[in-house]
>>> print(open('coords_38.txt').read())   # compact mmCIF, C-alpha atoms and all ligand atoms
# COMPACT_ATOMS: atom_id res chain seq x y z
CA MET A 1 104.74 117.64 108.92
CA SER A 2 102.88 116.04 111.83
CA ILE A 3 99.41 117.09 112.82
CA LEU A 4 98.02 116.07 116.19
CA VAL A 5 94.40 114.98 115.96
CA THR A 6 92.81 114.64 119.37
CA GLY A 7 89.73 112.43 119.35
CA GLY A 8 90.97 111.13 115.99
CA LEU A 9 89.15 107.80 116.28
CA GLY A 10 85.78 109.48 116.82
CA TYR A 11 83.11 110.15 114.23
CA ILE A 12 84.28 113.40 112.64
CA GLY A 13 87.87 112.88 113.78
CA SER A 14 88.34 109.58 111.91
CA HIS A 15 86.97 110.99 108.65
CA THR A 16 89.28 113.99 109.02
CA VAL A 17 92.31 111.76 109.66
CA VAL A 18 91.63 110.03 106.33
CA GLU A 19 91.45 113.37 104.49
CA LEU A 20 94.67 114.56 106.18
CA ILE A 21 96.51 111.41 105.13
CA ASN A 22 95.12 111.79 101.60
CA ASN A 23 96.69 115.26 101.64
CA ASN A 24 100.09 113.89 102.73
CA PHE A 25 100.02 115.00 106.34
CA ASP A 26 101.51 112.71 108.99
CA VAL A 27 98.89 112.19 111.65
CA ILE A 28 99.30 111.53 115.34
CA ILE A 29 96.12 110.53 117.11
CA VAL A 30 95.46 110.85 120.83
CA ASP A 31 92.13 109.29 121.78
CA ASP A 32 91.09 107.74 125.10
CA LEU A 33 88.57 105.42 123.41
CA SER A 34 85.83 106.74 125.70
CA ASN A 35 83.47 107.10 122.74
CA SER A 36 85.34 105.32 119.96
CA GLU A 37 86.78 101.92 119.14
CA LYS A 38 90.21 100.63 118.27
CA PHE A 39 89.10 98.90 115.02
CA ILE A 40 88.61 102.36 113.51
CA LEU A 41 92.41 102.64 113.42
CA ASP A 42 92.63 99.45 111.34
CA ASN A 43 89.93 100.78 109.05
CA ILE A 44 91.74 104.10 108.57
CA GLU A 45 94.77 102.04 107.54
CA GLU A 46 92.65 99.94 105.19
CA ILE A 47 91.29 103.07 103.48
CA THR A 48 94.52 105.05 103.24
CA GLY A 49 97.24 102.38 103.25
CA LYS A 50 98.86 104.24 106.13
CA ARG A 51 98.57 103.61 109.85
CA PRO A 52 98.61 106.80 111.89
CA ILE A 53 100.57 106.86 115.13
CA PHE A 54 98.10 106.30 117.94
CA TYR A 55 98.31 107.04 121.66
CA PRO A 56 95.42 105.81 123.82
CA PHE A 57 95.17 108.18 126.75
CA ASP A 58 93.06 110.89 128.31
CA LEU A 59 94.36 114.37 127.45
CA ARG A 60 93.95 115.47 131.02
CA ARG A 61 97.09 113.38 131.65
CA LYS A 62 99.42 116.25 130.90
CA GLU A 63 102.62 114.25 131.52
CA LEU A 64 101.69 111.79 128.76
CA LEU A 65 100.81 114.62 126.41
CA THR A 66 104.18 116.26 127.05
CA GLN A 67 105.88 113.01 126.03
CA VAL A 68 103.98 112.99 122.74
CA PHE A 69 105.12 116.54 122.01
CA ASP A 70 108.70 115.56 122.97
CA ALA A 71 108.62 112.62 120.58
CA HIS A 72 107.22 114.31 117.47
CA ASN A 73 107.64 117.45 115.46
CA ILE A 74 104.02 118.61 115.82
CA GLU A 75 103.11 121.64 113.74
CA GLY A 76 99.39 121.85 114.24
CA CYS A 77 96.40 120.34 116.00
CA ILE A 78 92.81 119.56 115.16
CA ASN A 79 90.99 119.20 118.43
CA PHE A 80 88.00 116.84 118.40
CA ALA A 81 88.42 115.26 121.83
CA ALA A 82 85.38 116.14 123.93
CA SER A 83 82.34 114.64 125.57
CA LYS A 84 79.30 115.45 123.46
CA ALA A 85 76.11 114.00 124.92
CA VAL A 86 73.87 117.01 125.42
CA GLY A 87 71.51 115.35 127.94
CA GLU A 88 74.34 113.92 130.02
CA SER A 89 75.99 117.34 130.13
CA MET A 90 72.95 118.64 132.02
CA THR A 91 73.15 115.96 134.73
CA GLU A 92 76.97 115.75 134.79
CA PRO A 93 78.08 119.32 134.02
CA LEU A 94 81.38 119.02 135.90
CA LYS A 95 82.40 116.06 133.76
CA TYR A 96 81.87 118.25 130.69
CA TYR A 97 83.67 121.33 131.99
CA GLU A 98 86.55 119.25 133.26
CA ASN A 99 86.97 116.96 130.29
CA ASN A 100 86.31 119.40 127.47
CA LEU A 101 88.18 122.37 128.90
CA PHE A 102 91.14 120.82 130.77
CA SER A 103 92.08 118.66 127.80
CA LEU A 104 91.91 121.71 125.51
CA ILE A 105 94.03 123.83 127.86
CA ASN A 106 96.64 121.08 128.21
CA VAL A 107 97.21 121.02 124.46
CA LEU A 108 97.29 124.82 124.28
CA GLN A 109 99.92 124.94 127.01
CA GLU A 110 102.18 122.67 124.95
CA PHE A 111 101.58 124.93 121.95
CA LYS A 112 102.49 127.99 123.95
CA GLU A 113 105.62 126.49 125.52
CA ARG A 114 106.92 125.09 122.24
CA ASN A 115 106.01 127.99 119.98
CA ILE A 116 103.63 125.95 117.89
CA SER A 117 100.81 127.65 116.01
CA ASN A 118 97.93 126.29 113.82
CA PHE A 119 95.07 125.15 116.01
CA ILE A 120 91.66 124.05 114.75
CA PHE A 121 88.80 123.82 117.21
CA SER A 122 85.74 121.68 116.74
CA SER A 123 82.88 124.02 117.57
CA SER A 124 79.17 123.81 116.93
CA CYS A 125 76.21 125.78 115.65
CA THR A 126 74.88 125.28 119.17
CA VAL A 127 76.85 128.46 120.08
CA TYR A 128 74.15 130.49 118.24
CA GLY A 129 71.21 129.10 120.25
CA GLN A 130 67.90 129.87 118.49
CA ALA A 131 69.05 132.60 116.16
CA ASP A 132 66.55 135.33 115.32
CA GLU A 133 67.14 135.18 111.59
CA MET A 134 67.95 132.51 109.03
CA PRO A 135 70.34 131.64 107.54
CA ILE A 136 72.94 131.90 110.31
CA ASP A 137 76.16 133.59 109.28
CA GLU A 138 79.30 134.06 111.37
CA ASN A 139 78.17 137.53 112.51
CA THR A 140 74.93 136.22 113.97
CA PRO A 141 75.03 137.09 117.69
CA LEU A 142 75.79 134.21 120.03
CA LYS A 143 73.17 133.46 122.66
CA GLU A 144 73.64 131.66 125.91
CA ALA A 145 73.88 127.96 125.09
CA GLU A 146 71.05 125.72 126.26
CA SER A 147 73.28 122.95 127.62
CA SER A 148 76.52 122.60 129.56
CA TYR A 149 77.90 120.85 126.47
CA GLY A 150 77.07 123.94 124.42
CA LYS A 151 78.66 126.16 127.05
CA THR A 152 81.91 124.19 126.81
CA LYS A 153 81.92 125.01 123.09
CA GLN A 154 81.36 128.71 123.78
CA MET A 155 84.04 128.70 126.48
CA GLY A 156 86.42 126.80 124.20
CA GLU A 157 85.95 129.48 121.55
CA ASP A 158 86.62 132.23 124.13
CA ILE A 159 89.76 130.48 125.36
CA LEU A 160 91.03 130.20 121.79
CA LYS A 161 90.28 133.83 120.98
CA ASP A 162 92.39 134.90 123.95
CA PHE A 163 95.06 132.32 123.12
CA SER A 164 95.36 133.58 119.56
CA ARG A 165 95.50 137.25 120.58
CA ALA A 166 97.83 136.99 123.57
CA TYR A 167 100.35 134.55 122.10
CA GLN A 168 100.08 135.46 118.40
CA LYS A 169 98.73 132.13 117.21
CA LYS A 170 96.83 130.94 114.17
CA VAL A 171 93.45 129.58 115.17
CA SER A 172 90.39 128.41 113.29
CA LEU A 173 87.01 127.88 114.96
CA LEU A 174 84.79 125.57 112.91
CA ARG A 175 81.10 125.68 113.74
CA TYR A 176 79.48 122.50 112.49
CA PHE A 177 75.80 122.23 111.76
CA ASN A 178 74.43 118.65 111.89
CA PRO A 179 77.00 116.12 110.64
CA ILE A 180 75.58 112.93 109.10
CA GLY A 181 76.62 110.02 106.91
CA ALA A 182 79.56 107.66 106.76
CA HIS A 183 82.64 107.01 104.67
CA PRO A 184 81.87 105.76 101.12
CA THR A 185 83.88 102.58 101.89
CA ALA A 186 81.47 101.93 104.82
CA LEU A 187 84.54 101.46 107.02
CA LEU A 188 83.99 104.60 109.12
CA GLY A 189 80.86 106.12 110.57
CA GLU A 190 79.09 107.15 113.71
CA LEU A 191 79.12 104.69 116.62
CA PRO A 192 76.37 105.89 118.93
CA ALA A 193 76.81 104.55 122.44
CA GLY A 194 73.53 103.10 123.68
CA ILE A 195 70.28 104.65 122.49
CA PRO A 196 71.07 107.36 119.96
CA ASN A 197 70.01 110.93 120.72
CA ASN A 198 70.66 112.31 117.28
CA LEU A 199 68.14 111.96 114.50
CA VAL A 200 70.02 110.13 111.76
CA PRO A 201 71.49 107.33 113.92
CA TYR A 202 68.03 106.81 115.39
CA VAL A 203 66.43 106.67 111.93
CA THR A 204 69.10 104.21 110.78
CA GLN A 205 68.71 101.92 113.78
CA THR A 206 64.93 101.99 113.35
CA ALA A 207 65.27 100.98 109.71
CA ALA A 208 67.59 98.16 110.84
CA GLY A 209 65.03 96.94 113.36
CA ILE A 210 67.21 97.73 116.38
CA ARG A 211 64.65 100.37 117.47
CA GLU A 212 60.97 99.79 117.04
CA LYS A 213 59.88 103.27 116.06
CA LEU A 214 61.36 106.70 115.62
CA SER A 215 59.84 109.33 117.89
CA ILE A 216 59.50 112.62 116.04
CA TRP A 217 59.83 115.30 118.68
CA GLY A 218 57.03 117.69 117.80
CA ASP A 219 54.99 118.40 114.68
CA ASP A 220 53.64 121.76 115.85
CA TYR A 221 56.66 123.92 115.04
CA PRO A 222 56.06 126.96 112.84
CA THR A 223 57.70 125.25 109.84
CA GLU A 224 56.23 124.00 106.58
CA ASP A 225 55.38 120.49 107.81
CA GLY A 226 55.45 121.31 111.53
CA THR A 227 58.68 119.42 112.29
CA ALA A 228 61.94 121.14 113.23
CA VAL A 229 64.47 122.13 110.60
CA ARG A 230 68.25 121.56 110.62
CA ASP A 231 71.17 121.77 108.22
CA TYR A 232 72.51 118.22 107.69
CA ILE A 233 76.07 118.21 106.40
CA TYR A 234 77.84 115.13 105.03
CA VAL A 235 80.71 114.09 107.30
CA VAL A 236 83.25 113.62 104.49
CA ASP A 237 82.50 117.12 103.18
CA LEU A 238 82.95 118.36 106.74
CA ALA A 239 86.26 116.50 107.07
CA LYS A 240 87.54 118.15 103.89
CA ALA A 241 86.77 121.57 105.34
CA HIS A 242 89.24 120.84 108.16
CA VAL A 243 92.04 120.22 105.68
CA ALA A 244 91.16 123.44 103.84
CA ALA A 245 91.10 125.40 107.12
CA LEU A 246 94.44 123.91 108.18
CA LYS A 247 96.08 124.72 104.84
CA LYS A 248 94.85 128.28 105.10
CA LEU A 249 96.46 128.66 108.54
CA LEU A 250 99.71 127.05 107.37
CA ASN A 251 99.88 129.29 104.31
CA SER A 252 98.98 132.52 106.06
CA GLU A 253 101.79 135.04 106.31
CA ASN A 254 100.15 136.69 109.30
CA GLU A 255 101.46 135.66 112.67
CA THR A 256 98.07 135.96 114.34
CA VAL A 257 94.95 134.53 112.68
CA LEU A 258 91.49 134.01 114.10
CA ASP A 259 89.25 132.36 111.54
CA ILE A 260 85.63 131.47 112.21
CA TYR A 261 83.59 129.43 109.73
CA ASN A 262 80.12 127.95 109.64
CA LEU A 263 80.20 124.51 108.08
CA GLY A 264 76.82 123.56 106.72
CA THR A 265 75.05 123.07 103.42
CA GLY A 266 73.03 126.28 103.54
CA LYS A 267 69.86 124.24 103.20
CA GLY A 268 67.39 123.39 105.94
CA SER A 269 65.61 120.02 106.05
CA SER A 270 62.76 119.08 108.36
CA VAL A 271 62.69 115.89 110.43
CA LEU A 272 59.98 114.47 108.15
CA GLU A 273 62.02 115.34 105.07
CA VAL A 274 64.99 113.43 106.51
CA VAL A 275 62.81 110.39 107.22
CA LYS A 276 61.34 110.46 103.71
CA ALA A 277 64.76 110.98 102.10
CA PHE A 278 66.13 108.01 104.04
CA GLU A 279 63.26 105.78 102.94
CA LEU A 280 63.62 106.85 99.34
CA ALA A 281 67.42 106.60 99.21
CA ASN A 282 67.55 103.14 100.77
CA ASN A 283 64.19 101.68 99.94
CA VAL A 284 63.48 100.72 103.56
CA PRO A 285 60.60 101.84 105.75
CA VAL A 286 61.17 103.92 108.88
CA PRO A 287 58.19 103.55 111.22
CA TYR A 288 57.61 106.66 113.30
CA GLN A 289 55.24 108.27 115.77
CA ILE A 290 54.70 111.93 116.56
CA CYS A 291 55.58 112.83 120.15
CA PRO A 292 55.71 116.06 122.16
CA ARG A 293 58.60 118.45 121.57
CA ARG A 294 61.98 117.61 123.13
CA GLU A 295 63.05 120.05 125.81
CA GLY A 296 65.75 122.47 124.72
CA ASP A 297 65.18 121.92 120.97
CA ILE A 298 65.12 124.92 118.68
CA THR A 299 62.76 125.36 115.75
CA VAL A 300 65.14 125.98 112.91
CA ALA A 301 68.87 126.29 112.24
CA TYR A 302 70.64 126.39 108.92
CA ALA A 303 73.86 127.96 107.83
CA ASN A 304 74.99 130.63 105.52
CA ALA A 305 78.29 128.95 104.59
CA ASP A 306 79.39 131.54 102.01
CA LYS A 307 82.38 132.65 104.06
CA ALA A 308 83.90 129.16 104.03
CA GLU A 309 83.35 128.97 100.29
CA LYS A 310 84.93 132.36 99.68
CA GLU A 311 87.91 132.00 101.99
CA LEU A 312 88.56 128.26 102.02
CA GLY A 313 87.33 127.35 98.56
CA TRP A 314 85.20 124.73 100.30
CA LYS A 315 81.56 123.90 99.97
CA SER A 316 79.29 121.04 100.79
CA GLU A 317 78.91 118.77 97.76
CA THR A 318 76.91 115.75 98.81
CA SER A 319 73.12 115.61 98.82
CA LEU A 320 71.02 114.54 101.76
CA GLU A 321 70.00 111.35 99.91
CA GLU A 322 73.60 110.43 99.08
CA SER A 323 74.66 110.97 102.69
CA LEU A 324 71.79 108.87 103.95
CA LYS A 325 72.81 106.04 101.60
CA THR A 326 76.26 105.94 103.15
CA THR A 327 74.73 105.81 106.62
CA TRP A 328 72.73 102.75 105.64
CA GLU A 329 75.79 101.01 104.17
CA TRP A 330 77.64 101.70 107.42
CA GLN A 331 74.75 100.21 109.43
CA LYS A 332 74.92 97.08 107.28
CA TYR A 333 78.67 96.89 107.88
CA LEU A 334 78.07 97.13 111.64
CA ASN A 335 75.39 94.44 111.45
CA ASP A 336 77.86 92.13 109.67
CA ARG A 337 80.58 92.87 112.23
CA ASN A 338 78.25 92.04 115.09
CA ASN A 339 77.13 88.73 113.54
C1 LIG B 1 72.04 118.09 118.85
C2 LIG B 1 72.41 118.88 120.06
C3 LIG B 1 73.48 119.86 119.69
C4 LIG B 1 74.69 119.13 119.11
C5 LIG B 1 74.24 118.28 117.92
C6 LIG B 1 75.39 117.41 117.47
C7 LIG B 1 70.40 118.89 121.43
C8 LIG B 1 69.29 119.72 122.00
N1 LIG B 1 71.25 119.52 120.61
O1 LIG B 1 71.50 119.00 117.89
O2 LIG B 1 73.88 120.60 120.81
O3 LIG B 1 75.66 120.04 118.68
O4 LIG B 1 73.16 117.43 118.31
O5 LIG B 1 75.02 116.69 116.34
O6 LIG B 1 70.49 117.71 121.72
N2 LIG B 1 64.78 114.34 116.49
C9 LIG B 1 63.62 113.58 116.51
N3 LIG B 1 63.70 112.32 117.01
C10 LIG B 1 64.85 111.77 117.47
C11 LIG B 1 66.04 112.55 117.43
C12 LIG B 1 65.95 113.84 116.95
O7 LIG B 1 62.54 114.03 116.12
O8 LIG B 1 64.85 110.62 117.92
C13 LIG B 1 64.70 115.71 115.96
C14 LIG B 1 65.09 116.75 116.98
O9 LIG B 1 63.98 117.13 117.72
C15 LIG B 1 65.65 117.85 116.08
C16 LIG B 1 66.25 117.10 114.89
O10 LIG B 1 65.64 115.80 114.92
O11 LIG B 1 64.62 118.66 115.62
C17 LIG B 1 67.74 116.94 114.96
O12 LIG B 1 68.07 116.40 116.23
P1 LIG B 1 69.56 115.99 116.63
O13 LIG B 1 70.12 115.05 115.61
O14 LIG B 1 69.53 115.50 118.03
O15 LIG B 1 70.39 117.33 116.49
P2 LIG B 1 70.15 118.76 117.18
O16 LIG B 1 69.07 118.71 118.18
O17 LIG B 1 70.04 119.75 116.10
>>> encode(input="coords_38.txt", output="structure tokens", more="lines below")
Ligand code: UD1
Amino acid sequence: MSILVTGGLGYIGSHTVVELINNNFDVIIVDDLSNSEKFILDNIEEITGKRPIFYPFDLRRKELLTQVFDAHNIEGCINFAASKAVGESMTEPLKYYENNLFSLINVLQEFKERNISNFIFSSSCTVYGQADEMPIDENTPLKEAESSYGKTKQMGEDILKDFSRAYQKKVSLLRYFNPIGAHPTALLGELPAGIPNNLVPYVTQTAAGIREKLSIWGDDYPTEDGTAVRDYIYVVDLAKAHVAALKKLLNSENETVLDIYNLGTGKGSSVLEVVKAFELANNVPVPYQICPRREGDITVAYANADKAEKELGWKSETSLEESLKTTWEWQKYLNDRNN
């Protein structure tokens, strides 16, 4: 059975491809390499012993996508392909609406025309905005997203809800909290383009001496140590949740399914706790300075992930320290590659 993985050479996509192959799925990757690199394909092969079929093109090129569907017996899709830089989405909103939504709709049209079901959408806890209560469960009301990137995730969810209902399709919306870490082989991980925006890649590059100092955006939040709190989930655990969600769709006897799951650890960690955990796990210092709050940041977000545990039999297993060790090994691998 072939599963199409769009954005399959990206950070979460590549880890998910490995888990799919480990679970005997045939994988077809479409990735335009806009935020990923070709060597990831070699590394997936090194880890799994299997080289997935790979097509390098932009999903907005519908005619090329049609050819892929003509050539393979595709029975499901995990859709990672999207632009994801929050700041850029505010200055280039049209790029985000066009790229993230047109590419999604093109795949859905193939699904509709060919009677294919089983679609997994990469969503984000950003759809909740600053929730009024913690932890955040799947019934927590959605608030207007802060960024155009976040809005593309909300719109993507809406499109998929309608798609599932109108065409009787099986759909799973996976709302990730903050993915971190790298593959235990150190052959896959996050490849931040330019200066990282996200905390863990910035911490890692600071420890490696690529960045001089981490800026901690605000220490005056109403939290225990004053820094903002997030739910950091290990990327391999996250990847495994995709396989569990896919199997649930494939095994469901219902024609129409709309699953929604929060994927997090259920535990909040502050920025300072992450920095300290990194230092402790890897025995390297992370110089930092306290700076004013970053615009658009929320105070606290962590998941109630009980629904995923109950319905998918999945839960996060890896500690913050363990995840941060893998990140450091991945950074060392990148340093060696670049030398
Ligand atoms: C960000 C995005 C979110 C996206 C997610 C993907 C914003 C406002 N939100 O979430 O839409 O889904 O990434 O992973 O960009 N921090 C520092 N110094 C840094 C970097 C971050 O102190 O150099 C702090 C932030 O203020 C925040 C925490 O670390 O409190 C986590 O930041 P980040 O990794 O960027 O994730 P989010 O902001 O939660």
>>> atom_distance(input="coords_38.txt", atom1="CA of Lys84 in chain A", atom2="CA of Leu108 in chain A")
20.3 Å
>>> residues_near_ligand(input="coords_38.txt", ligand="ligand LIG 1 (chain B)", cutoff="9 Å", atoms="only C-alpha atoms and all ligand atoms", output="ChimeraX atom specification")
/A:84-87,123-127,129,145-147,149-150,176-180,196-203,214-219,227-232,270-272,274,290-291,293-301
>>> closest_residue(input="coords_38.txt", among="A:Leu191, A:Thr16, A:Gly76, A:Ser122", to="Leu33 in chain A", atoms="all atoms listed in the file")
A:Leu191
>>> atom_distance(input="coords_38.txt", atom1="CA of Trp328 in chain A", atom2="CA of Asn282 in chain A")
7.1 Å
>>> residues_near_point(input="coords_38.txt", point="(90.7, 104.7, 108.0)", cutoff="8 Å", atoms="only C-alpha atoms", output="list in words")
Ser14, His15, Val17, Val18, Ile40, Leu41, Asp42, Asn43, Ile44, Glu45, Glu46, Ile47, Thr48, Leu187 and Leu188 of chain A
>>> residues_around(input="coords_38.txt", residues="Ile116 in chain A", least_positions_apart="5", cutoff="8 Å", atoms="all atoms listed in the file", output="list of chain:residue names")
A:Ile74, A:Glu75, A:Gly76, A:Glu110, A:Phe111, A:Lys169
>>> closest_residue(input="coords_38.txt", among="A:Ala241, A:Leu249, A:Ala208, A:Asp220", to="Glu279 in chain A", atoms="only C-alpha atoms")
A:Ala208
>>> atom_distance(input="coords_38.txt", atom1="CA of Gly226 in chain A", atom2="CA of Tyr302 in chain A")
16.2 Å
>>> closest_residue(input="coords_38.txt", among="A:Ser319, A:Asn118, A:Asn35, A:Ser2", to="Ala71 in chain A", atoms="all atoms listed in the file")
A:Ser2
>>> axis_aligned_box(input="coords_38.txt", around="range 302-310 of chain A", padding_each_side="4 Å", output="lines of an AutoDock Vina configuration file")
center_x = 77.8
center_y = 129.5
center_z = 104.3
size_x = 22.3
size_y = 14.3
size_z = 17.2
